[in-house]
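**Q** I'm passing along structure_4.cif; it holds mmCIF, C-alpha atoms.
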data_structure
loop_
_atom_site.group_PDB
_atom_site.id
_atom_site.type_symbol
_atom_site.label_atom_id
_atom_site.label_comp_id
_atom_site.auth_asym_id
_atom_site.auth_seq_id
_atom_site.Cartn_x
_atom_site.Cartn_y
_atom_site.Cartn_z
ATOM 1 C CA MET A 1 -22.449 38.261 -19.979
ATOM 2 C CA LEU A 2 -24.660 38.433 -16.895
ATOM 3 C CA VAL A 3 -25.938 35.205 -15.409
ATOM 4 C CA GLU A 4 -27.455 34.310 -12.062
ATOM 5 C CA PHE A 5 -26.009 30.822 -11.781
ATOM 6 C CA GLU A 6 -23.244 29.164 -13.717
ATOM 7 C CA ARG A 7 -22.063 25.594 -13.470
ATOM 8 C CA VAL A 8 -18.891 24.399 -15.120
ATOM 9 C CA ASP A 9 -18.610 20.625 -14.916
ATOM 10 C CA GLU A 10 -15.017 20.288 -16.006
ATOM 11 C CA GLU A 11 -12.531 23.126 -16.009
ATOM 12 C CA MET A 12 -12.589 26.892 -16.047
ATOM 13 C CA GLU A 13 -9.658 29.200 -16.677
ATOM 14 C CA VAL A 14 -9.770 32.904 -16.004
ATOM 15 C CA VAL A 15 -6.859 34.652 -17.677
ATOM 16 C CA GLY A 16 -7.642 38.044 -16.172
ATOM 17 C CA THR A 17 -8.705 38.761 -12.646
ATOM 18 C CA LEU A 18 -11.286 36.826 -10.696
ATOM 19 C CA LEU A 19 -13.422 38.651 -8.200
ATOM 20 C CA ALA A 20 -15.246 36.209 -5.954
ATOM 21 C CA ARG A 21 -17.075 38.237 -3.355
ATOM 22 C CA LYS A 22 -17.850 35.343 -1.058
ATOM 23 C CA LEU A 23 -16.493 31.989 -0.070
ATOM 24 C CA ASP A 24 -18.916 29.082 -0.135
ATOM 25 C CA THR A 25 -19.524 28.449 3.560
ATOM 26 C CA LEU A 26 -21.209 25.976 5.889
ATOM 27 C CA ASN A 27 -21.900 26.374 9.582
ATOM 28 C CA GLU A 28 -21.208 23.150 11.481
ATOM 29 C CA THR A 29 -22.668 23.245 14.981
ATOM 30 C CA SER A 30 -22.540 19.548 15.808
ATOM 31 C CA ALA A 31 -19.931 17.312 17.424
ATOM 32 C CA SER A 32 -18.969 15.383 14.332
ATOM 33 C CA ARG A 33 -18.868 15.616 10.569
ATOM 34 C CA THR A 34 -17.680 13.245 7.894
ATOM 35 C CA ILE A 35 -16.493 15.272 4.964
ATOM 36 C CA THR A 36 -17.668 14.217 1.522
ATOM 37 C CA SER A 37 -17.059 15.398 -2.003
ATOM 38 C CA ALA A 38 -20.047 17.689 -1.590
ATOM 39 C CA ASP A 39 -17.868 19.735 0.766
ATOM 40 C CA TYR A 40 -15.035 20.325 -1.708
ATOM 41 C CA GLY A 41 -14.330 23.997 -2.244
ATOM 42 C CA LYS A 42 -16.127 25.055 0.908
ATOM 43 C CA THR A 43 -15.174 26.924 4.055
ATOM 44 C CA ILE A 44 -16.718 25.316 7.120
ATOM 45 C CA PHE A 45 -17.197 27.262 10.355
ATOM 46 C CA LEU A 46 -16.872 25.153 13.505
ATOM 47 C CA ASN A 47 -18.401 26.299 16.764
ATOM 48 C CA TYR A 48 -19.617 23.303 18.752
ATOM 49 C CA ALA A 49 -18.657 23.757 22.421
ATOM 50 C CA GLY A 50 -16.814 20.484 22.905
ATOM 51 C CA ALA A 51 -14.824 17.896 21.045
ATOM 52 C CA VAL A 52 -15.593 17.831 17.324
ATOM 53 C CA ALA A 53 -14.634 14.743 15.316
ATOM 54 C CA ILE A 54 -13.981 15.595 11.690
ATOM 55 C CA THR A 55 -13.261 12.692 9.352
ATOM 56 C CA LEU A 56 -11.697 13.428 6.006
ATOM 57 C CA PRO A 57 -12.890 11.736 2.819
ATOM 58 C CA ALA A 58 -11.125 8.579 1.733
ATOM 59 C CA ASN A 59 -7.739 9.044 0.143
ATOM 60 C CA GLY A 60 -7.600 9.270 -3.624
ATOM 61 C CA ALA A 61 -9.793 12.324 -4.079
ATOM 62 C CA PRO A 62 -9.072 14.142 -7.358
ATOM 63 C CA ALA A 63 -5.869 16.154 -7.059
ATOM 64 C CA GLY A 64 -6.587 19.716 -6.037
ATOM 65 C CA SER A 65 -9.805 18.944 -4.238
ATOM 66 C CA TRP A 66 -9.866 21.099 -1.131
ATOM 67 C CA PHE A 67 -11.901 22.317 1.814
ATOM 68 C CA GLU A 68 -11.078 24.409 4.824
ATOM 69 C CA PHE A 69 -12.217 25.159 8.354
ATOM 70 C CA VAL A 70 -12.426 28.257 10.517
ATOM 71 C CA ILE A 71 -13.022 27.904 14.250
ATOM 72 C CA ASP A 72 -15.367 30.715 15.200
ATOM 73 C CA GLY A 73 -16.575 29.176 18.464
ATOM 74 C CA THR A 74 -15.002 29.403 21.880
ATOM 75 C CA ASP A 75 -11.858 27.757 23.199
ATOM 76 C CA ASP A 76 -14.118 24.816 24.120
ATOM 77 C CA CYS A 77 -14.514 24.025 20.432
ATOM 78 C CA ALA A 78 -11.883 21.319 20.024
ATOM 79 C CA PRO A 79 -11.909 19.762 16.569
ATOM 80 C CA VAL A 80 -9.782 16.774 15.650
ATOM 81 C CA PHE A 81 -9.298 16.324 11.915
ATOM 82 C CA SER A 82 -8.648 12.654 11.137
ATOM 83 C CA ALA A 83 -7.703 10.911 7.940
ATOM 84 C CA ALA A 84 -10.035 8.105 6.930
ATOM 85 C CA THR A 85 -6.979 5.819 6.972
ATOM 86 C CA VAL A 86 -4.376 6.081 9.726
ATOM 87 C CA ASN A 87 -0.797 7.095 8.937
ATOM 88 C CA THR A 88 -1.738 8.713 5.648
ATOM 89 C CA LEU A 89 -2.268 12.379 6.445
ATOM 90 C CA ILE A 90 0.526 14.602 5.168
ATOM 91 C CA THR A 91 1.207 17.593 7.366
ATOM 92 C CA HIS A 92 3.931 19.629 9.005
ATOM 93 C CA ASN A 93 7.120 17.600 9.008
ATOM 94 C CA ASN A 94 5.250 14.313 8.756
ATOM 95 C CA LYS A 95 4.448 12.256 5.692
ATOM 96 C CA THR A 96 4.210 8.718 6.997
ATOM 97 C CA THR A 97 2.801 8.504 10.488
ATOM 98 C CA CYS A 98 0.180 11.165 10.899
ATOM 99 C CA ASP A 99 -3.363 10.169 11.825
ATOM 100 C CA SER A 100 -4.871 13.517 12.716
ATOM 101 C CA VAL A 101 -4.253 17.154 13.528
ATOM 102 C CA THR A 102 -5.864 19.443 16.062
ATOM 103 C CA PHE A 103 -5.454 22.725 17.887
ATOM 104 C CA GLY A 104 -4.864 22.742 21.637
ATOM 105 C CA THR A 105 -6.400 25.062 24.149
ATOM 106 C CA GLY A 106 -5.389 28.644 23.592
ATOM 107 C CA HIS A 107 -4.886 27.933 19.889
ATOM 108 C CA ARG A 108 -8.428 27.326 18.713
ATOM 109 C CA ILE A 109 -10.391 30.532 18.353
ATOM 110 C CA GLY A 110 -9.774 32.013 14.926
ATOM 111 C CA SER A 111 -7.667 29.130 13.685
ATOM 112 C CA TYR A 112 -7.809 28.342 9.966
ATOM 113 C CA ILE A 113 -6.852 25.059 8.327
ATOM 114 C CA ARG A 114 -7.015 23.854 4.719
ATOM 115 C CA PHE A 115 -6.907 20.335 3.325
ATOM 116 C CA ILE A 116 -5.822 19.681 -0.259
ATOM 117 C CA SER A 117 -5.704 16.336 -2.000
ATOM 118 C CA THR A 118 -2.571 15.376 -3.891
ATOM 119 C CA GLY A 119 -4.610 12.824 -5.771
ATOM 120 C CA SER A 120 -3.351 10.130 -3.425
ATOM 121 C CA TYR A 121 -3.440 11.628 0.060
ATOM 122 C CA TRP A 122 -4.702 14.664 1.940
ATOM 123 C CA VAL A 123 -2.342 17.445 2.993
ATOM 124 C CA ALA A 124 -3.267 19.442 6.099
ATOM 125 C CA SER A 125 -1.919 22.993 6.132
ATOM 126 C CA SER A 126 -2.508 25.416 8.951
ATOM 127 C CA LEU A 127 -3.126 28.898 7.600
ATOM 128 C CA SER A 128 -3.153 30.311 11.104
ATOM 129 C CA GLY A 129 -0.052 32.364 11.568
ATOM 130 C CA LEU A 130 -0.294 32.438 15.345
ATOM 131 C CA ALA A 131 -2.020 29.168 16.246
ATOM 132 C CA THR A 132 0.040 26.027 16.721
ATOM 133 C CA MET A 133 -1.348 22.927 15.067
ATOM 134 C CA THR A 134 -0.818 19.681 16.957
ATOM 135 C CA VAL A 135 -0.040 16.480 15.065
ATOM 136 C CA THR A 136 -1.102 13.057 16.311
ATOM 137 C CA THR A 137 0.878 10.128 15.016
ATOM 138 C CA GLY A 138 0.032 6.464 14.905
ATOM 139 C CA MET B 1 -14.992 25.371 -24.118
ATOM 140 C CA ALA B 2 -16.686 28.729 -24.315
ATOM 141 C CA LEU B 3 -14.427 31.756 -24.594
ATOM 142 C CA LEU B 4 -15.737 34.832 -22.827
ATOM 143 C CA GLU B 5 -14.211 38.208 -22.200
ATOM 144 C CA THR B 6 -16.197 38.866 -19.054
ATOM 145 C CA LEU B 7 -18.597 36.778 -17.020
ATOM 146 C CA ASN B 8 -20.652 38.326 -14.249
ATOM 147 C CA VAL B 9 -22.281 35.766 -11.991
ATOM 148 C CA THR B 10 -24.674 37.456 -9.619
ATOM 149 C CA GLU B 11 -25.354 34.481 -7.383
ATOM 150 C CA GLU B 12 -23.320 31.302 -7.521
ATOM 151 C CA LEU B 13 -20.525 29.833 -9.568
ATOM 152 C CA MET B 14 -19.675 26.175 -9.214
ATOM 153 C CA VAL B 15 -16.785 24.574 -11.013
ATOM 154 C CA GLY B 16 -16.762 20.795 -10.811
ATOM 155 C CA GLY B 17 -13.207 20.428 -12.087
ATOM 156 C CA PRO B 18 -10.120 22.539 -11.551
ATOM 157 C CA ALA B 19 -10.561 26.293 -11.630
ATOM 158 C CA THR B 20 -7.528 28.293 -12.683
ATOM 159 C CA PHE B 21 -7.452 31.935 -11.757
ATOM 160 C CA LYS B 22 -4.392 33.679 -13.028
ATOM 161 C CA ARG B 23 -4.733 36.776 -10.909
ATOM 162 C CA THR B 24 -6.539 38.037 -7.865
ATOM 163 C CA THR B 25 -8.242 41.401 -7.824
ATOM 164 C CA LEU B 26 -5.801 43.692 -6.086
ATOM 165 C CA ILE B 27 -6.053 47.235 -4.779
ATOM 166 C CA ARG B 28 -3.066 49.323 -3.730
ATOM 167 C CA ASP B 29 -3.884 51.763 -0.962
ATOM 168 C CA ALA B 30 -1.276 54.430 -0.218
ATOM 169 C CA THR B 31 -3.352 56.410 2.257
ATOM 170 C CA ALA B 32 -3.389 56.580 6.040
ATOM 171 C CA SER B 33 -6.910 55.294 6.491
ATOM 172 C CA ARG B 34 -9.506 53.156 4.811
ATOM 173 C CA THR B 35 -13.012 52.142 5.714
ATOM 174 C CA CYS B 36 -13.729 48.896 3.969
ATOM 175 C CA THR B 37 -17.077 48.363 2.292
ATOM 176 C CA ALA B 38 -18.867 45.618 0.427
ATOM 177 C CA ALA B 39 -17.030 46.794 -2.675
ATOM 178 C CA ASP B 40 -13.843 45.364 -1.138
ATOM 179 C CA TYR B 41 -15.190 41.825 -0.685
ATOM 180 C CA GLY B 42 -13.099 39.267 -2.494
ATOM 181 C CA LYS B 43 -10.220 41.643 -3.032
ATOM 182 C CA THR B 44 -6.629 41.806 -1.838
ATOM 183 C CA ILE B 45 -5.667 45.231 -0.523
ATOM 184 C CA CYS B 46 -1.984 46.129 -0.383
ATOM 185 C CA PHE B 47 -1.060 48.885 2.044
ATOM 186 C CA ASN B 48 2.057 50.953 1.627
ATOM 187 C CA TYR B 49 1.530 54.270 3.370
ATOM 188 C CA ALA B 50 4.671 55.260 5.295
ATOM 189 C CA GLY B 51 3.119 55.697 8.697
ATOM 190 C CA ALA B 52 0.192 54.500 10.786
ATOM 191 C CA VAL B 53 -2.632 53.084 8.676
ATOM 192 C CA ALA B 54 -6.062 52.826 10.286
ATOM 193 C CA VAL B 55 -8.389 50.383 8.563
ATOM 194 C CA THR B 56 -11.965 49.821 9.645
ATOM 195 C CA LEU B 57 -13.840 46.683 8.664
ATOM 196 C CA PRO B 58 -17.379 46.822 7.331
ATOM 197 C CA ALA B 59 -20.146 46.583 9.908
ATOM 198 C CA ASN B 60 -20.861 43.182 11.375
ATOM 199 C CA GLY B 61 -23.492 41.065 9.675
ATOM 200 C CA ALA B 62 -21.904 40.835 6.246
ATOM 201 C CA PRO B 63 -23.103 37.783 4.293
ATOM 202 C CA ALA B 64 -21.357 34.621 5.491
ATOM 203 C CA GLY B 65 -18.275 33.925 3.435
ATOM 204 C CA SER B 66 -17.612 37.535 2.515
ATOM 205 C CA TYR B 67 -13.881 38.044 2.804
ATOM 206 C CA ILE B 68 -11.126 40.610 2.405
ATOM 207 C CA ASP B 69 -7.372 39.955 2.260
ATOM 208 C CA MET B 70 -4.826 42.554 3.320
ATOM 209 C CA ILE B 71 -1.081 42.673 2.736
ATOM 210 C CA VAL B 72 1.586 45.083 3.947
ATOM 211 C CA ASP B 73 3.784 45.787 0.948
ATOM 212 C CA GLY B 74 5.158 49.102 2.144
ATOM 213 C CA ALA B 75 8.181 49.730 4.318
ATOM 214 C CA ASN B 76 8.774 48.963 7.965
ATOM 215 C CA THR B 77 7.140 52.329 8.591
ATOM 216 C CA THR B 78 3.781 51.007 7.385
ATOM 217 C CA ILE B 79 2.025 50.320 10.671
ATOM 218 C CA LEU B 80 -1.256 48.636 9.818
ATOM 219 C CA THR B 81 -4.067 48.433 12.351
ATOM 220 C CA VAL B 82 -7.347 46.833 11.313
ATOM 221 C CA SER B 83 -10.298 47.441 13.610
ATOM 222 C CA ALA B 84 -13.799 46.035 13.762
ATOM 223 C CA ALA B 85 -16.535 48.590 13.243
ATOM 224 C CA SER B 86 -17.825 47.674 16.723
ATOM 225 C CA VAL B 87 -15.386 47.124 19.562
ATOM 226 C CA ASN B 88 -15.032 43.694 21.154
ATOM 227 C CA THR B 89 -16.635 41.882 18.219
ATOM 228 C CA LEU B 90 -13.665 40.669 16.214
ATOM 229 C CA ILE B 91 -12.988 36.927 16.445
ATOM 230 C CA THR B 92 -9.303 36.201 16.130
ATOM 231 C CA PHE B 93 -6.462 34.175 17.557
ATOM 232 C CA ASN B 94 -7.531 32.975 21.012
ATOM 233 C CA ASP B 95 -9.878 35.904 21.433
ATOM 234 C CA ALA B 96 -13.570 35.964 20.533
ATOM 235 C CA THR B 97 -13.992 39.554 21.706
ATOM 236 C CA ALA B 98 -11.056 41.398 20.175
ATOM 237 C CA SER B 99 -11.266 44.843 18.663
ATOM 238 C CA SER B 100 -8.331 45.000 16.267
ATOM 239 C CA LEU B 101 -5.264 43.382 14.773
ATOM 240 C CA ALA B 102 -2.082 45.355 14.264
ATOM 241 C CA TYR B 103 1.387 44.961 12.901
ATOM 242 C CA SER B 104 2.720 47.222 15.593
ATOM 243 C CA THR B 105 6.010 45.430 16.161
ATOM 244 C CA THR B 106 8.863 46.898 14.198
ATOM 245 C CA LEU B 107 10.446 44.542 11.664
ATOM 246 C CA HIS B 108 7.240 42.472 11.703
ATOM 247 C CA ARG B 109 5.329 44.468 9.120
ATOM 248 C CA ILE B 110 6.512 44.035 5.544
ATOM 249 C CA GLY B 111 4.877 40.981 4.005
ATOM 250 C CA GLY B 112 2.280 40.611 6.716
ATOM 251 C CA MET B 113 -0.973 39.114 5.479
ATOM 252 C CA LEU B 114 -4.389 39.077 7.096
ATOM 253 C CA ARG B 115 -7.629 37.499 5.932
ATOM 254 C CA PHE B 116 -11.008 38.561 7.270
ATOM 255 C CA ILE B 117 -13.988 36.245 6.727
ATOM 256 C CA SER B 118 -17.526 36.978 7.856
ATOM 257 C CA ASN B 119 -19.422 34.169 9.561
ATOM 258 C CA GLY B 120 -22.625 36.028 8.865
ATOM 259 C CA THR B 121 -22.617 37.711 12.256
ATOM 260 C CA TYR B 122 -19.044 38.771 13.023
ATOM 261 C CA TRP B 123 -15.726 39.061 11.245
ATOM 262 C CA VAL B 124 -13.049 36.434 11.869
ATOM 263 C CA GLY B 125 -9.565 37.946 11.549
ATOM 264 C CA ILE B 126 -6.905 35.441 10.559
ATOM 265 C CA PRO B 127 -3.198 36.303 10.594
ATOM 266 C CA ILE B 128 -2.091 34.089 7.729
ATOM 267 C CA SER B 129 1.530 35.156 7.891
ATOM 268 C CA GLY B 130 2.779 34.063 11.257
ATOM 269 C CA GLY B 131 6.057 33.511 12.927
ATOM 270 C CA LEU B 132 8.154 36.103 11.195
ATOM 271 C CA THR B 133 5.432 38.731 11.042
ATOM 272 C CA ALA B 134 3.892 38.775 14.499
ATOM 273 C CA VAL B 135 0.548 40.474 14.719
ATOM 274 C CA VAL B 136 -0.773 42.015 17.919
ATOM 275 C CA VAL B 137 -4.365 41.376 18.996
#
Take the structure in the file and write it out as structure tokens.

**A**
Amino acid sequence: MLVEFERVDEEMEVVGTLLARKLDTLNETSASRTITSADYGKTIFLNYAGAVAITLPANGAPAGSWFEFVIDGTDDCAPVFSAATVNTLITHNNKTTCDSVTFGTGHRIGSYIRFISTGSYWVASSLSGLATMTVTTG
Amino acid sequence: MALLETLNVTEELMVGGPATFKRTTLIRDATASRTCTAADYGKTICFNYAGAVAVTLPANGAPAGSYIDMIVDGANTTILTVSAASVNTLITFNDATASSLAYSTTLHRIGGMLRFISNGTYWVGIPISGGLTAVVV
């Protein structure tokens, strides 16, 4: 079956292989962004030359909802990814006191981070093998 | 729910609920060199040649979101180097003007994983497997 667009409102299961040629991307060039459900499933490039305030959606997003970021700007691009509610972001070695995560200087260019909802809270996972993610606690 | 054997979506697929994909599309490459093309987008390429492997990315300017994953599943003798088609244009860890990524350090090769994503202008090279499989920029 050959179609140009396909929308599945509920669930799709592919038993064989899936070949997705492209990720669904956005280019964020501003200093702040509040993530919404419209961003779920997307890869967001960040390249603003300065501090970038990213606010996650409220907790309680459907389990498995996800979005991710790639920093393709310079080392001046300094995003801070904050939970909408303090002390609720689950991340490396912290499940009760994390407010936000970031990448310090020297660890920004090319860094890659994914957020996945457990259904209750957001989990922040750095997919950057070389970059160190910094955790801010409340 | 519709049951299909194959579905070819030429533009966009949006799944509002969970999407379960049992398998990725994987290629095993046992040769010493590969020049990636648009045919490789969305695929996972496993390299296992016992020696130096020279991989060249597609030219810059691939559609934003195009991506290729690469895994070293050979031996410690599989020395993977992935180079941009144009020098000094690869964006990667702490370097916006790199030329290549390589698993050149012995005992840091098997299991190494790289993802390359195009931002529409350049390729961003992301060493997903860190720590135990150091990659050299």

**Q** Considering only C-alpha atoms, tabulate each residue of chain A that lies at most 9 Å from chain B along with its nearest interatomic pair and the corresponding distance in Å to one decimal; arrange the rows by chain and ascending residue number and present them as a tab-separated table.

**A**
residue	atom	partner	partner_atom	distance
A:Met1	CA	B:Leu7	CA	5.1
A:Leu2	CA	B:Asn8	CA	4.8
A:Val3	CA	B:Val9	CA	5.0
A:Glu4	CA	B:Thr10	CA	4.9
A:Phe5	CA	B:Glu12	CA	5.1
A:Glu6	CA	B:Leu13	CA	5.0
A:Arg7	CA	B:Met14	CA	4.9
A:Val8	CA	B:Val15	CA	4.6
A:Asp9	CA	B:Gly16	CA	4.5
A:Glu10	CA	B:Gly17	CA	4.3
A:Glu11	CA	B:Gly17	CA	4.8
A:Met12	CA	B:Ala19	CA	4.9
A:Glu13	CA	B:Thr20	CA	4.6
A:Val14	CA	B:Phe21	CA	4.9
A:Val15	CA	B:Lys22	CA	5.4
A:Gly16	CA	B:Arg23	CA	6.1
A:Thr17	CA	B:Arg23	CA	4.8
A:Leu18	CA	B:Thr24	CA	5.7
A:Leu19	CA	B:Gly42	CA	5.7
A:Ala20	CA	B:Gly42	CA	5.1
A:Arg21	CA	B:Gly42	CA	4.2
A:Lys22	CA	B:Ser66	CA	4.2
A:Leu23	CA	B:Gly65	CA	4.4
A:Asp24	CA	B:Gly65	CA	6.1
A:Thr25	CA	B:Gly65	CA	5.6
A:Leu26	CA	B:Ala64	CA	8.7
A:Asn27	CA	B:Asn119	CA	8.2
A:Thr43	CA	B:Gly65	CA	7.7
A:Phe45	CA	B:Asn119	CA	7.3
A:Pro62	CA	B:Gly17	CA	8.9
A:Ala63	CA	B:Pro18	CA	8.9
A:Gly64	CA	B:Pro18	CA	7.1
A:Ser65	CA	B:Pro18	CA	8.2
A:Val70	CA	B:Val124	CA	8.3
A:Ile71	CA	B:Val124	CA	8.9
A:Asp72	CA	B:Ile91	CA	6.8
A:Gly73	CA	B:Ala96	CA	7.7
A:Thr74	CA	B:Ala96	CA	6.8
A:Asp75	CA	B:Asn94	CA	7.1
A:Thr105	CA	B:Asn94	CA	8.6
A:Gly106	CA	B:Asn94	CA	5.5
A:His107	CA	B:Asn94	CA	5.8
A:Arg108	CA	B:Asn94	CA	6.2
A:Ile109	CA	B:Asn94	CA	4.6
A:Gly110	CA	B:Thr92	CA	4.4
A:Ser111	CA	B:Phe93	CA	6.5
A:Tyr112	CA	B:Ile126	CA	7.2
A:Ser126	CA	B:Ile128	CA	8.8
A:Leu127	CA	B:Ile128	CA	5.3
A:Ser128	CA	B:Ile128	CA	5.2
A:Gly129	CA	B:Gly130	CA	3.3
A:Leu130	CA	B:Gly130	CA	5.4
A:Ala131	CA	B:Phe93	CA	6.8

**Q** So how many Å separate CA of Val137 in chain B and CA of Thr105 in chain B, to one decimal?

**A**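 Between CA of Val137 in chain B and CA of Thr105 in chain B the gap is 11.5 Å.
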
**Q** Of the candidates B:Ile27, B:Ala102, B:Cys36, B:Ala84, which shows the shortest atom-to-atom distance to Ala52 in chain B, using all atoms listed in the file?

**A**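 Closest residue, counting all atoms listed in the file: B:Ala102.
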
**Q** Provide the CA of Ala124 in chain A to CA of Val82 in chain B distance in Å, to one decimal place.

**A**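 Separation between CA of Ala124 in chain A and CA of Val82 in chain B: 28.2 Å.
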
**Q** Using CA of Ile116 in chain A and CA of Phe67 in chain A as the two end points, give the distance in Å to one decimal.

**A**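 Computed distance, CA of Ile116 in chain A to CA of Phe67 in chain A, equals 6.9 Å.
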
**Q** For a quick check of understanding, using all atoms listed in the file, which of B:Ser83, B:Thr78, B:Thr37, B:Thr56 has the smallest distance to Arg109 in chain B?

**A** B:Thr78
